[in-house]
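Below is the file my_file24.tsv, which contains TSV, C-alpha atoms and all ligand atoms.
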```
chain	number	residue	atom	x	y	z
A	11	MET	CA	29.86	147.91	21.26
A	12	TYR	CA	26.55	147.56	19.41
A	13	PRO	CA	26.07	149.50	16.18
A	14	ARG	CA	23.72	152.45	16.11
A	15	ALA	CA	20.17	151.28	15.30
A	16	PHE	CA	19.65	150.97	11.56
A	17	LYS	CA	16.90	149.95	9.17
A	18	TYR	CA	17.61	146.55	7.59
A	19	GLU	CA	16.35	145.77	4.09
A	20	ARG	CA	17.01	142.51	2.25
A	21	ALA	CA	17.18	142.92	-1.53
A	22	THR	CA	15.42	140.26	-3.59
A	23	SER	CA	16.97	141.17	-6.97
A	24	LEU	CA	19.54	143.56	-8.40
A	25	GLU	CA	16.78	145.96	-9.50
A	26	ASN	CA	15.20	145.79	-6.04
A	27	ALA	CA	18.61	146.48	-4.43
A	28	ILE	CA	19.10	149.60	-6.55
A	29	GLU	CA	15.59	150.77	-5.73
A	30	LEU	CA	16.20	150.29	-1.98
A	31	LEU	CA	19.56	152.09	-2.19
A	32	SER	CA	17.97	154.98	-4.14
A	33	ARG	CA	15.10	155.31	-1.68
A	34	ASN	CA	17.57	155.60	1.22
A	35	ARG	CA	20.31	157.29	-0.81
A	36	GLU	CA	21.23	159.90	1.81
A	37	ASP	CA	22.34	157.41	4.47
A	38	VAL	CA	22.68	153.87	3.14
A	39	ARG	CA	25.25	151.09	2.68
A	40	PRO	CA	24.99	147.76	0.89
A	41	LEU	CA	25.95	144.71	2.95
A	42	ALA	CA	27.85	141.90	1.19
A	43	GLY	CA	29.91	139.54	3.40
A	44	GLY	CA	29.92	142.04	6.28
A	45	MET	CA	33.58	141.40	7.14
A	46	SER	CA	34.38	145.13	7.05
A	47	LEU	CA	30.99	146.80	7.30
A	48	ILE	CA	29.86	145.05	10.50
A	49	PRO	CA	33.06	145.72	12.53
A	50	LEU	CA	33.09	149.36	11.36
A	51	ALA	CA	29.43	149.74	12.37
A	52	LYS	CA	30.09	148.09	15.74
A	53	LEU	CA	33.00	150.47	16.35
A	54	ARG	CA	30.67	153.28	15.23
A	55	LEU	CA	33.23	154.44	12.70
A	56	LEU	CA	30.40	154.06	10.21
A	57	SER	CA	26.75	154.41	11.19
A	58	PRO	CA	24.47	154.08	8.19
A	59	GLY	CA	20.77	154.67	8.89
A	60	CYS	CA	19.88	151.89	6.44
A	61	ILE	CA	21.68	148.69	5.43
A	62	VAL	CA	20.62	146.91	2.25
A	63	ASP	CA	21.59	143.24	2.38
A	64	ILE	CA	22.63	142.16	-1.13
A	65	GLY	CA	24.12	138.86	0.04
A	66	ARG	CA	21.52	136.62	-1.64
A	67	LEU	CA	21.59	138.14	-5.13
A	68	SER	CA	22.54	135.15	-7.26
A	69	GLU	CA	23.05	137.37	-10.34
A	70	LEU	CA	26.14	138.87	-8.63
A	71	LYS	CA	27.73	135.49	-7.84
A	72	GLY	CA	29.98	133.24	-9.87
A	73	ILE	CA	32.77	133.32	-12.44
A	74	LYS	CA	32.54	132.94	-16.19
A	75	GLN	CA	34.96	133.35	-19.06
A	76	ASP	CA	34.41	134.86	-22.47
A	77	LYS	CA	36.71	135.73	-25.39
A	78	GLU	CA	38.14	138.86	-23.78
A	79	TRP	CA	37.97	138.44	-20.05
A	80	LEU	CA	37.19	136.44	-16.96
A	81	GLU	CA	34.11	137.98	-15.36
A	82	ILE	CA	33.81	137.63	-11.60
A	83	GLY	CA	30.53	138.51	-9.88
A	84	ALA	CA	30.99	141.06	-7.09
A	85	LEU	CA	29.44	138.70	-4.52
A	86	THR	CA	31.81	135.84	-5.32
A	87	THR	CA	33.67	134.93	-2.14
A	88	ASN	CA	37.42	134.60	-1.91
A	89	THR	CA	37.02	130.87	-1.26
A	90	GLU	CA	34.93	130.46	-4.42
A	91	ILE	CA	37.67	132.25	-6.37
A	92	LEU	CA	40.37	130.08	-4.78
A	93	GLU	CA	38.48	126.91	-5.70
A	94	SER	CA	37.42	128.02	-9.18
A	95	LYS	CA	38.37	125.77	-12.08
A	96	TRP	CA	39.26	128.86	-14.13
A	97	LEU	CA	42.18	129.86	-11.95
A	98	SER	CA	44.38	126.80	-12.27
A	99	GLY	CA	47.05	127.69	-14.80
A	100	SER	CA	45.46	130.61	-16.63
A	101	TYR	CA	45.23	133.42	-14.09
A	102	PRO	CA	48.31	133.05	-11.88
A	103	LEU	CA	48.04	136.51	-10.33
A	104	LEU	CA	44.45	135.96	-9.16
A	105	LEU	CA	45.51	132.70	-7.56
A	106	ASP	CA	48.62	134.19	-5.92
A	107	THR	CA	46.50	137.04	-4.52
A	108	VAL	CA	43.55	135.14	-3.16
A	109	LYS	CA	45.85	132.74	-1.28
A	110	GLU	CA	47.16	135.74	0.69
A	111	ILE	CA	43.77	136.89	1.94
A	112	GLY	CA	43.10	136.63	5.64
A	113	ASP	CA	42.13	133.31	7.18
A	114	VAL	CA	39.51	130.72	6.27
A	115	GLN	CA	36.64	132.68	7.83
A	116	VAL	CA	37.54	135.89	5.99
A	117	ARG	CA	37.93	134.00	2.71
A	118	ASN	CA	34.60	132.20	3.23
A	119	ARG	CA	32.56	135.33	4.00
A	120	GLY	CA	34.46	138.16	2.30
A	121	THR	CA	33.52	138.96	-1.30
A	122	ILE	CA	35.75	140.39	-4.00
A	123	GLY	CA	33.25	143.22	-4.59
A	124	GLY	CA	33.15	144.12	-0.90
A	125	ASN	CA	36.93	144.12	-0.77
A	126	LEU	CA	37.21	146.53	-3.74
A	127	ALA	CA	34.28	148.73	-2.66
A	128	GLN	CA	35.90	149.07	0.77
A	129	ALA	CA	38.73	151.01	-1.01
A	130	ASP	CA	41.31	150.08	1.59
A	131	SER	CA	44.86	150.29	0.23
A	132	SER	CA	46.01	147.59	2.67
A	133	THR	CA	43.81	144.83	1.27
A	134	ASP	CA	45.05	142.54	-1.45
A	135	TRP	CA	42.69	142.96	-4.42
A	136	PRO	CA	43.12	146.66	-5.33
A	137	ALA	CA	46.83	146.39	-6.24
A	138	THR	CA	46.21	143.18	-8.18
A	139	MET	CA	43.33	144.66	-10.16
A	140	ILE	CA	45.53	147.64	-11.11
A	141	ALA	CA	48.32	145.27	-12.26
A	142	LEU	CA	45.81	143.28	-14.34
A	143	ARG	CA	44.20	146.41	-15.86
A	144	ALA	CA	40.82	145.09	-14.77
A	145	LYS	CA	37.52	146.85	-15.45
A	146	PHE	CA	34.76	147.17	-12.88
A	147	VAL	CA	31.10	147.13	-13.90
A	148	SER	CA	28.59	149.00	-11.77
A	149	ARG	CA	24.84	149.46	-11.96
A	150	GLY	CA	22.66	152.22	-10.55
A	151	PRO	CA	19.39	154.00	-11.37
A	152	LYS	CA	21.00	155.52	-14.49
A	153	GLY	CA	22.16	152.14	-15.80
A	154	GLU	CA	25.56	150.50	-16.20
A	155	ARG	CA	28.98	152.13	-15.95
A	156	ILE	CA	32.47	150.73	-16.54
A	157	HIS	CA	35.38	151.90	-14.36
A	158	ASP	CA	39.14	151.42	-14.78
A	159	ALA	CA	40.75	149.76	-11.78
A	160	ASP	CA	43.17	152.73	-11.60
A	161	SER	CA	40.49	155.33	-11.04
A	162	PHE	CA	37.90	153.32	-9.07
A	163	CYS	CA	39.26	154.32	-5.67
A	164	ILE	CA	39.19	158.09	-5.20
A	165	GLU	CA	40.44	158.37	-1.64
A	166	PRO	CA	40.62	155.96	1.33
A	167	TYR	CA	37.24	154.27	1.81
A	168	THR	CA	35.70	156.23	-1.08
A	169	THR	CA	35.13	154.88	-4.58
A	170	ALA	CA	33.73	156.30	-7.81
A	171	LEU	CA	30.38	154.61	-7.02
A	172	ASP	CA	27.32	156.70	-6.18
A	173	PRO	CA	25.53	155.73	-2.94
A	174	ASP	CA	22.76	154.03	-4.94
A	175	GLU	CA	25.12	152.22	-7.28
A	176	LEU	CA	26.43	148.66	-6.87
A	177	LEU	CA	29.62	147.11	-8.11
A	178	THR	CA	28.27	144.12	-10.04
A	179	HIS	CA	31.19	142.48	-11.87
A	180	ILE	CA	34.95	142.56	-12.19
A	181	ARG	CA	36.42	141.89	-15.64
A	182	VAL	CA	39.97	140.57	-15.75
A	183	PRO	CA	41.49	140.56	-19.25
A	184	ASN	CA	42.45	137.09	-20.46
A	185	PRO	CA	46.21	136.46	-20.37
A	186	ALA	CA	47.85	136.88	-23.78
A	187	SER	CA	50.19	134.04	-24.74
A	188	GLY	CA	51.67	131.27	-22.63
A	189	SER	CA	54.72	133.38	-21.60
A	190	VAL	CA	53.09	135.08	-18.63
A	191	GLY	CA	54.48	135.29	-15.14
A	192	ALA	CA	52.94	136.80	-12.04
A	193	SER	CA	53.60	137.34	-8.37
A	194	HIS	CA	51.79	138.91	-5.42
A	195	ILE	CA	53.93	139.65	-2.39
A	196	LYS	CA	52.88	141.29	0.84
A	197	LEU	CA	54.68	142.10	4.04
A	198	GLU	CA	52.87	141.81	7.40
A	199	ARG	CA	54.39	141.84	10.87
A	200	ARG	CA	52.42	138.70	11.73
A	201	LYS	CA	50.16	136.63	9.48
A	202	GLY	CA	46.74	138.27	9.54
A	203	ASP	CA	47.98	141.77	10.45
A	204	TYR	CA	47.29	144.71	8.17
A	205	ALA	CA	49.90	144.75	5.41
A	206	ILE	CA	52.91	147.08	5.47
A	207	GLY	CA	53.54	146.73	1.75
A	208	ILE	CA	51.93	144.90	-1.17
A	209	VAL	CA	53.32	144.43	-4.69
A	210	SER	CA	51.36	142.71	-7.42
A	211	ALA	CA	52.92	142.16	-10.84
A	212	GLN	CA	52.14	140.43	-14.11
A	213	LEU	CA	54.63	140.30	-16.99
A	214	GLU	CA	54.48	138.87	-20.47
A	215	VAL	CA	57.76	138.15	-22.27
A	216	ASP	CA	58.55	137.53	-25.94
A	217	ASN	CA	60.78	134.72	-27.17
A	218	GLU	CA	63.91	136.83	-26.61
A	219	GLY	CA	62.94	137.23	-22.96
A	220	LYS	CA	61.96	140.92	-23.33
A	221	CYS	CA	58.93	142.21	-21.47
A	222	VAL	CA	56.14	143.02	-23.90
A	223	SER	CA	53.50	143.84	-21.35
A	224	VAL	CA	53.91	144.80	-17.73
A	225	GLY	CA	51.43	145.57	-14.95
A	226	VAL	CA	52.57	146.52	-11.44
A	227	GLY	CA	50.23	147.60	-8.62
A	228	ILE	CA	51.32	148.76	-5.17
A	229	GLY	CA	49.22	148.66	-1.99
A	230	ALA	CA	49.60	149.45	1.71
A	231	VAL	CA	52.03	152.34	1.14
A	232	GLY	CA	50.07	155.22	-0.41
A	233	VAL	CA	46.65	155.98	1.07
A	234	ILE	CA	45.18	154.36	-2.02
A	235	ALA	CA	46.61	151.55	-4.17
A	236	VAL	CA	48.57	152.87	-7.18
A	237	ARG	CA	50.07	151.79	-10.48
A	238	ALA	CA	53.89	151.80	-10.55
A	239	SER	CA	53.96	153.50	-13.97
A	240	LYS	CA	57.69	154.32	-13.95
A	241	THR	CA	58.52	150.71	-13.08
A	242	GLU	CA	56.34	149.51	-15.94
A	243	GLN	CA	58.16	151.92	-18.30
A	244	LEU	CA	61.53	150.71	-17.00
A	245	LEU	CA	60.70	147.05	-17.69
A	246	LYS	CA	58.87	147.34	-20.99
A	247	GLY	CA	61.01	146.16	-23.93
A	248	ARG	CA	63.78	144.86	-21.66
A	249	ARG	CA	65.08	141.62	-20.25
A	250	VAL	CA	64.97	141.80	-16.45
A	251	ASP	CA	68.62	141.44	-15.46
A	252	ALA	CA	70.42	142.45	-12.26
A	253	ASP	CA	71.04	146.03	-13.52
A	254	THR	CA	67.35	146.52	-14.30
A	255	LEU	CA	66.24	145.03	-10.99
A	256	ALA	CA	68.56	147.41	-9.13
A	257	LYS	CA	66.57	150.35	-10.57
A	258	VAL	CA	63.16	148.96	-9.61
A	259	GLY	CA	63.12	150.33	-6.03
A	260	ASP	CA	63.62	153.97	-7.05
A	261	THR	CA	61.03	153.78	-9.82
A	262	VAL	CA	58.47	152.26	-7.42
A	263	ARG	CA	59.02	155.07	-4.91
A	264	ASP	CA	58.26	157.54	-7.73
A	265	SER	CA	54.73	156.11	-8.02
A	266	PHE	CA	53.26	158.04	-5.12
A	267	GLY	CA	53.66	161.61	-6.44
A	268	GLY	CA	52.37	163.98	-3.76
A	269	MET	CA	50.18	161.30	-2.18
A	270	ASP	CA	50.10	160.87	1.60
A	271	ILE	CA	51.95	157.76	2.75
A	272	LEU	CA	50.40	155.49	5.39
A	273	SER	CA	52.03	155.75	8.79
A	274	ASP	CA	50.86	153.96	11.91
A	275	ILE	CA	51.86	151.75	14.80
A	276	LYS	CA	52.71	148.90	12.42
A	277	ALA	CA	55.13	150.90	10.27
A	278	PRO	CA	56.01	154.57	9.79
A	279	SER	CA	55.89	156.04	6.31
A	280	ASP	CA	59.68	156.09	5.75
A	281	TYR	CA	59.91	152.37	6.55
A	282	ARG	CA	57.04	151.58	4.15
A	283	LEU	CA	58.72	153.58	1.39
A	284	ASP	CA	62.01	151.85	2.07
A	285	VAL	CA	60.72	148.29	2.19
A	286	ILE	CA	58.43	148.56	-0.84
A	287	GLY	CA	61.46	148.84	-3.14
A	288	THR	CA	62.85	145.51	-1.89
A	289	LEU	CA	59.42	143.84	-2.11
A	290	ALA	CA	59.02	145.11	-5.68
A	291	GLU	CA	62.45	143.76	-6.71
A	292	ARG	CA	61.54	140.32	-5.31
A	293	CYS	CA	58.08	140.35	-6.83
A	294	ILE	CA	59.27	141.34	-10.30
A	295	SER	CA	62.17	138.92	-10.22
A	296	LYS	CA	59.77	136.07	-9.37
A	297	ALA	CA	57.20	137.07	-12.01
A	298	TYR	CA	59.94	137.41	-14.65
A	299	SER	CA	61.47	133.99	-13.88
A	300	MET	CA	58.02	132.44	-14.21
A	301	ALA	CA	57.34	134.22	-17.53
A	302	ALA	CA	60.79	133.42	-18.91
A	303	SER	CA	60.50	129.73	-18.05
A	304	ALA	CA	57.00	129.60	-19.57
A	305	GLY	CA	58.50	131.11	-22.74
A	306	ALA	CA	61.39	128.61	-22.72
A	307	GLY	CA	58.87	125.77	-22.29
A	308	GLN	CA	56.95	127.00	-25.33
A	309	GLY	CA	60.10	127.25	-27.36
A	310	LYS	CA	60.94	123.59	-26.67
A	311	GLY	CA	57.55	122.52	-27.92
A	312	ARG	CA	57.85	124.37	-31.22
A	401	LIG	C1	40.22	139.53	10.45
A	401	LIG	C2	40.24	140.08	9.05
A	401	LIG	C3	41.33	139.83	8.26
A	401	LIG	C4	41.38	140.31	6.95
A	401	LIG	N1	42.47	140.05	6.18
A	401	LIG	C5	42.48	140.47	4.88
A	401	LIG	C6	43.57	140.16	4.03
A	401	LIG	O1	44.55	139.52	4.42
A	401	LIG	N2	43.53	140.62	2.76
A	401	LIG	C7	42.48	141.33	2.28
A	401	LIG	O2	42.48	141.69	1.11
A	401	LIG	N3	41.44	141.65	3.07
A	401	LIG	C8	41.42	141.22	4.35
A	401	LIG	N4	40.36	141.53	5.15
A	401	LIG	C9	39.33	142.40	4.61
A	401	LIG	C10	38.28	141.57	4.00
A	401	LIG	O3	38.76	140.92	2.85
A	401	LIG	C11	37.21	142.57	3.66
A	401	LIG	O4	36.62	142.89	4.87
A	401	LIG	C12	36.21	142.00	2.80
A	401	LIG	O5	36.78	141.64	1.60
A	401	LIG	C13	35.07	142.95	2.57
A	401	LIG	O6	34.19	142.21	1.83
A	401	LIG	P1	32.77	141.91	2.38
A	401	LIG	O7	32.09	141.10	1.33
A	401	LIG	O8	32.81	141.36	3.75
A	401	LIG	O9	32.17	143.41	2.35
A	401	LIG	P2	31.29	144.19	3.41
A	401	LIG	O10	31.98	144.25	4.72
A	401	LIG	O11	29.90	143.70	3.38
A	401	LIG	O12	31.32	145.63	2.71
A	401	LIG	C14	32.50	146.41	2.68
A	401	LIG	C15	32.15	147.77	2.05
A	401	LIG	O13	31.86	147.65	0.67
A	401	LIG	C16	30.50	148.03	0.39
A	401	LIG	N5	30.03	147.04	-0.59
A	401	LIG	C17	30.04	145.71	-0.45
A	401	LIG	N6	29.67	145.12	-1.61
A	401	LIG	C18	29.41	146.11	-2.47
A	401	LIG	C19	28.98	146.14	-3.86
A	401	LIG	N7	28.79	145.02	-4.55
A	401	LIG	N8	28.82	147.33	-4.45
A	401	LIG	C20	29.03	148.49	-3.75
A	401	LIG	N9	29.44	148.53	-2.46
A	401	LIG	C21	29.63	147.35	-1.84
A	401	LIG	C22	29.79	148.03	1.73
A	401	LIG	O14	28.72	148.92	1.78
A	401	LIG	C23	30.91	148.44	2.67
A	401	LIG	O15	31.08	149.83	2.64
A	401	LIG	C24	40.29	141.07	6.45
A	401	LIG	C25	39.17	141.31	7.26
A	401	LIG	C26	39.13	140.82	8.54
A	401	LIG	C27	37.91	141.09	9.37
```
For the file at hand, write its structure as structure tokens.
Ligand SMILES: Cc1cc2nc3c(=O)[nH]c(=O)nc-3n(C[C@H](O)[C@H](O)[C@H](O)COP(=O)(O)OP(=O)(O)OC[C@H]3O[C@@H](n4cnc5c(N)ncnc54)[C@H](O)[C@@H]3O)c2cc1C
Amino acid sequence: MYPRAFKYERATSLENAIELLSRNREDVRPLAGGMSLIPLAKLRLLSPGCIVDIGRLSELKGIKQDKEWLEIGALTTNTEILESKWLSGSYPLLLDTVKEIGDVQVRNRGTIGGNLAQADSSTDWPATMIALRAKFVSRGPKGERIHDADSFCIEPYTTALDPDELLTHIRVPNPASGSVGASHIKLERRKGDYAIGIVSAQLEVDNEGKCVSVGVGIGAVGVIAVRASKTEQLLKGRRVDADTLAKVGDTVRDSFGGMDILSDIKAPSDYRLDVIGTLAERCISKAYSMAASAGAGQGKGR
């Protein structure tokens, strides 16, 4: 099916993009890689009267590091992230996540900003950004705003952004010491299907093997990605042994509060809730082993 006819505008700069979005504020969408927007428009699930193409805005592309964080431009593609020199070694959770995304075409065209602005719990980045306590920078007619990853997505397919506001950058805090471990695990029926459960975790351990910082994000279960706060509380200050791991599943299931749980032809809600506990145990066990062996490696060098 063809999309409904729409006005197409190509932005020449960030300021121009915001101006075009503001002028068409009532019925407009920015276009990044188009991997979600175009199929939704063709299915007529979304029919914006105006599309503002931001795809050529060089100021929203690229990755740079400063003292506090790694800053990723919203228009950076998944392939550019995968191939970035910054990821090798220092940001294991970013690397683990981006490897899981789609196929080559989706990684080549899809942008990290488009993925997050899509606010789809079943994609990979939202859970990871919650685990990493990332900040999102946006810009609109009233200037710049900073959003916590936890509160960026309000409901499925709806973010905290105004219609004339763009996500411009994602700031991922720099990892603390060398004793960091991470893991991103997702369950799909077949490779490339929508996920049935996603767990993303990053742990930092001290030299006694106790967790000093913990971030756990869960996707593809609740209608939006969530932080597993009770799991983080369980792990903080502890070594992750078999007794602790056995409690992970129940604490993860507590993360959803009164939230609706996804249920569809791929997996009903009770299956998703059941399987996410097992995925979380595996994910945390893997992240902890990585962190503990990084800590042991440091100890040897001292
Ligand atoms: C076959 C297929 C397989 C896929 N598999 C995976 C997968 O395994 N894992 C995964 O995580 N994802 C997967 N995806 C989803 C894909 O990653 C997203 O479609 C993609 O990331 C969206 O990014 P985009 O740049 O194409 O955004 P677009 O499609 O251009 O935009 C998506 C939405 O975000 C808005 N938007 C875009 N950029 C901005 C911005 N900077 N500021 C504000 N709003 C913005 C648009 O208006 C639109 O509403 C898959 C998609 C397809 C088609």
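In terms of minimum interatomic distance to ligand LIG 401 (chain A), A:Lys196 ranks closest within A:Arg20, A:Lys74, A:Arg33, A:Lys196, counting all atoms listed in the file.
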Can you list every residue of chain A that has an atom at most 7 Å from ligand LIG 401 (chain A), with its nearest atom pair and the distance in Å to one decimal, using only C-alpha atoms and all ligand atoms, ordered by chain then number, as a Markdown table?
```
| residue | atom | partner | partner_atom | distance |
| --- | --- | --- | --- | --- |
| A:Arg39 | CA | A:LIG401 | O14 | 4.2 |
| A:Pro40 | CA | A:LIG401 | O14 | 4.0 |
| A:Leu41 | CA | A:LIG401 | O11 | 4.1 |
| A:Ala42 | CA | A:LIG401 | O11 | 3.5 |
| A:Gly43 | CA | A:LIG401 | O7 | 3.4 |
| A:Gly44 | CA | A:LIG401 | O11 | 3.3 |
| A:Met45 | CA | A:LIG401 | O8 | 3.5 |
| A:Ser46 | CA | A:LIG401 | O10 | 3.5 |
| A:Leu47 | CA | A:LIG401 | O10 | 3.8 |
| A:Ile48 | CA | A:LIG401 | O10 | 6.2 |
| A:Ala84 | CA | A:LIG401 | N7 | 5.2 |
| A:Leu85 | CA | A:LIG401 | N7 | 6.4 |
| A:Glu110 | CA | A:LIG401 | O1 | 5.9 |
| A:Ile111 | CA | A:LIG401 | O1 | 3.7 |
| A:Gly112 | CA | A:LIG401 | O1 | 3.5 |
| A:Asp113 | CA | A:LIG401 | C3 | 6.7 |
| A:Val116 | CA | A:LIG401 | C26 | 5.8 |
| A:Arg117 | CA | A:LIG401 | O3 | 7.0 |
| A:Arg119 | CA | A:LIG401 | O8 | 6.0 |
| A:Gly120 | CA | A:LIG401 | O8 | 3.9 |
| A:Thr121 | CA | A:LIG401 | O7 | 3.7 |
| A:Ile122 | CA | A:LIG401 | O5 | 5.8 |
| A:Gly123 | CA | A:LIG401 | N7 | 4.8 |
| A:Gly124 | CA | A:LIG401 | O9 | 3.5 |
| A:Asn125 | CA | A:LIG401 | O5 | 3.4 |
| A:Ala127 | CA | A:LIG401 | O13 | 4.3 |
| A:Gln128 | CA | A:LIG401 | C15 | 4.2 |
| A:Thr133 | CA | A:LIG401 | O2 | 3.4 |
| A:Asp134 | CA | A:LIG401 | O2 | 3.7 |
| A:Trp135 | CA | A:LIG401 | O2 | 5.7 |
| A:Glu175 | CA | A:LIG401 | C20 | 6.5 |
| A:Leu176 | CA | A:LIG401 | N8 | 3.7 |
| A:Leu177 | CA | A:LIG401 | N8 | 3.8 |
| A:Thr178 | CA | A:LIG401 | N7 | 5.6 |
| A:Gly202 | CA | A:LIG401 | O1 | 5.7 |
| A:Tyr204 | CA | A:LIG401 | O1 | 7.0 |
```
Restrict the calculation to all atoms listed in the file, then for each residue of segment 237-269 of chain A with any atom at most 12 Å from an atom of segment 274-287 of chain A give the closest atom pair and their distance in Å to one decimal, rows by chain and rising residue number, as CSV.
```
residue,atom,partner,partner_atom,distance
A:Ala238,CA,A:Gly287,CA,11.0
A:Thr241,CA,A:Gly287,CA,10.5
A:Leu255,CA,A:Gly287,CA,9.9
A:Ala256,CA,A:Gly287,CA,9.4
A:Lys257,CA,A:Gly287,CA,9.1
A:Val258,CA,A:Gly287,CA,6.7
A:Gly259,CA,A:Gly287,CA,3.7
A:Asp260,CA,A:Gly287,CA,6.8
A:Thr261,CA,A:Gly287,CA,8.3
A:Val262,CA,A:Gly287,CA,6.2
A:Arg263,CA,A:Leu283,CA,6.5
A:Asp264,CA,A:Leu283,CA,10.0
A:Ser265,CA,A:Leu283,CA,10.5
A:Phe266,CA,A:Leu283,CA,9.6
A:Met269,CA,A:Ser279,CA,11.5
```
Inset, instruction - Extract, using only C-alpha atoms, all DNA, RNA and protein residues at most 9 Å from segment 189-191 of chain A, discarding same-chain residues fewer than 5 positions from it, and format them as an NGL selection string. - result: :A and (102-103 or 211-217 or 296-308)
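Atom to atom, atom CA of Ser193 of chain A and atom CA of Lys77 of chain A stand 24.0 Å apart.
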Legend entry - Expected answer as number ranges by chain: all residues with atoms within 7 Å of (46.9, 147.7, -8.7), only C-alpha atoms: A: 136-141, 160, 210, 226-228, 235-237
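The coordinates place atom CA of Glu242 of chain A at 23.1 Å from atom CA of Val108 of chain A.
Atom pair atom CA of Ser32 of chain A / atom CA of Ile164 of chain A has a distance of 21.5 Å (rounded to one decimal).
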Any chance you could work out the axis-aligned box around segment 128-136 of chain A, listed atoms only, 4 Å on each side, giving centre and edge lengths in Å to one decimal, as lines of an AutoDock Vina configuration file?
```
center_x = 41.0
center_y = 146.8
center_z = -1.3
size_x = 18.1
size_y = 16.5
size_z = 16.0
```
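Nearest to Leu56 of chain A of all the residues A:Thr22, A:Pro13, A:Ile208, A:Lys95 is A:Pro13, based on only C-alpha atoms.
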Legend entry - Given all atoms listed in the file as the counted atoms, nearest of A:Gly83, A:Gly153, A:Gly219, A:Gly72 to Asp251 of chain A: A:Gly219
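Between Ile234 of chain A and the candidates A:Glu93, A:Asp130, A:Asp37, A:Asp253, the tightest atom-to-atom separation, counting all atoms listed in the file, involves A:Asp130.
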Inset, instruction - Find the spatial neighbours of Leu24 of chain A, counting all atoms listed in the file, within a cut-off of 8 Å - ignore same-chain residues fewer than 3 positions away - and output them as a PyMOL selection string. - result: chain A and resi 21+27-28+67+69
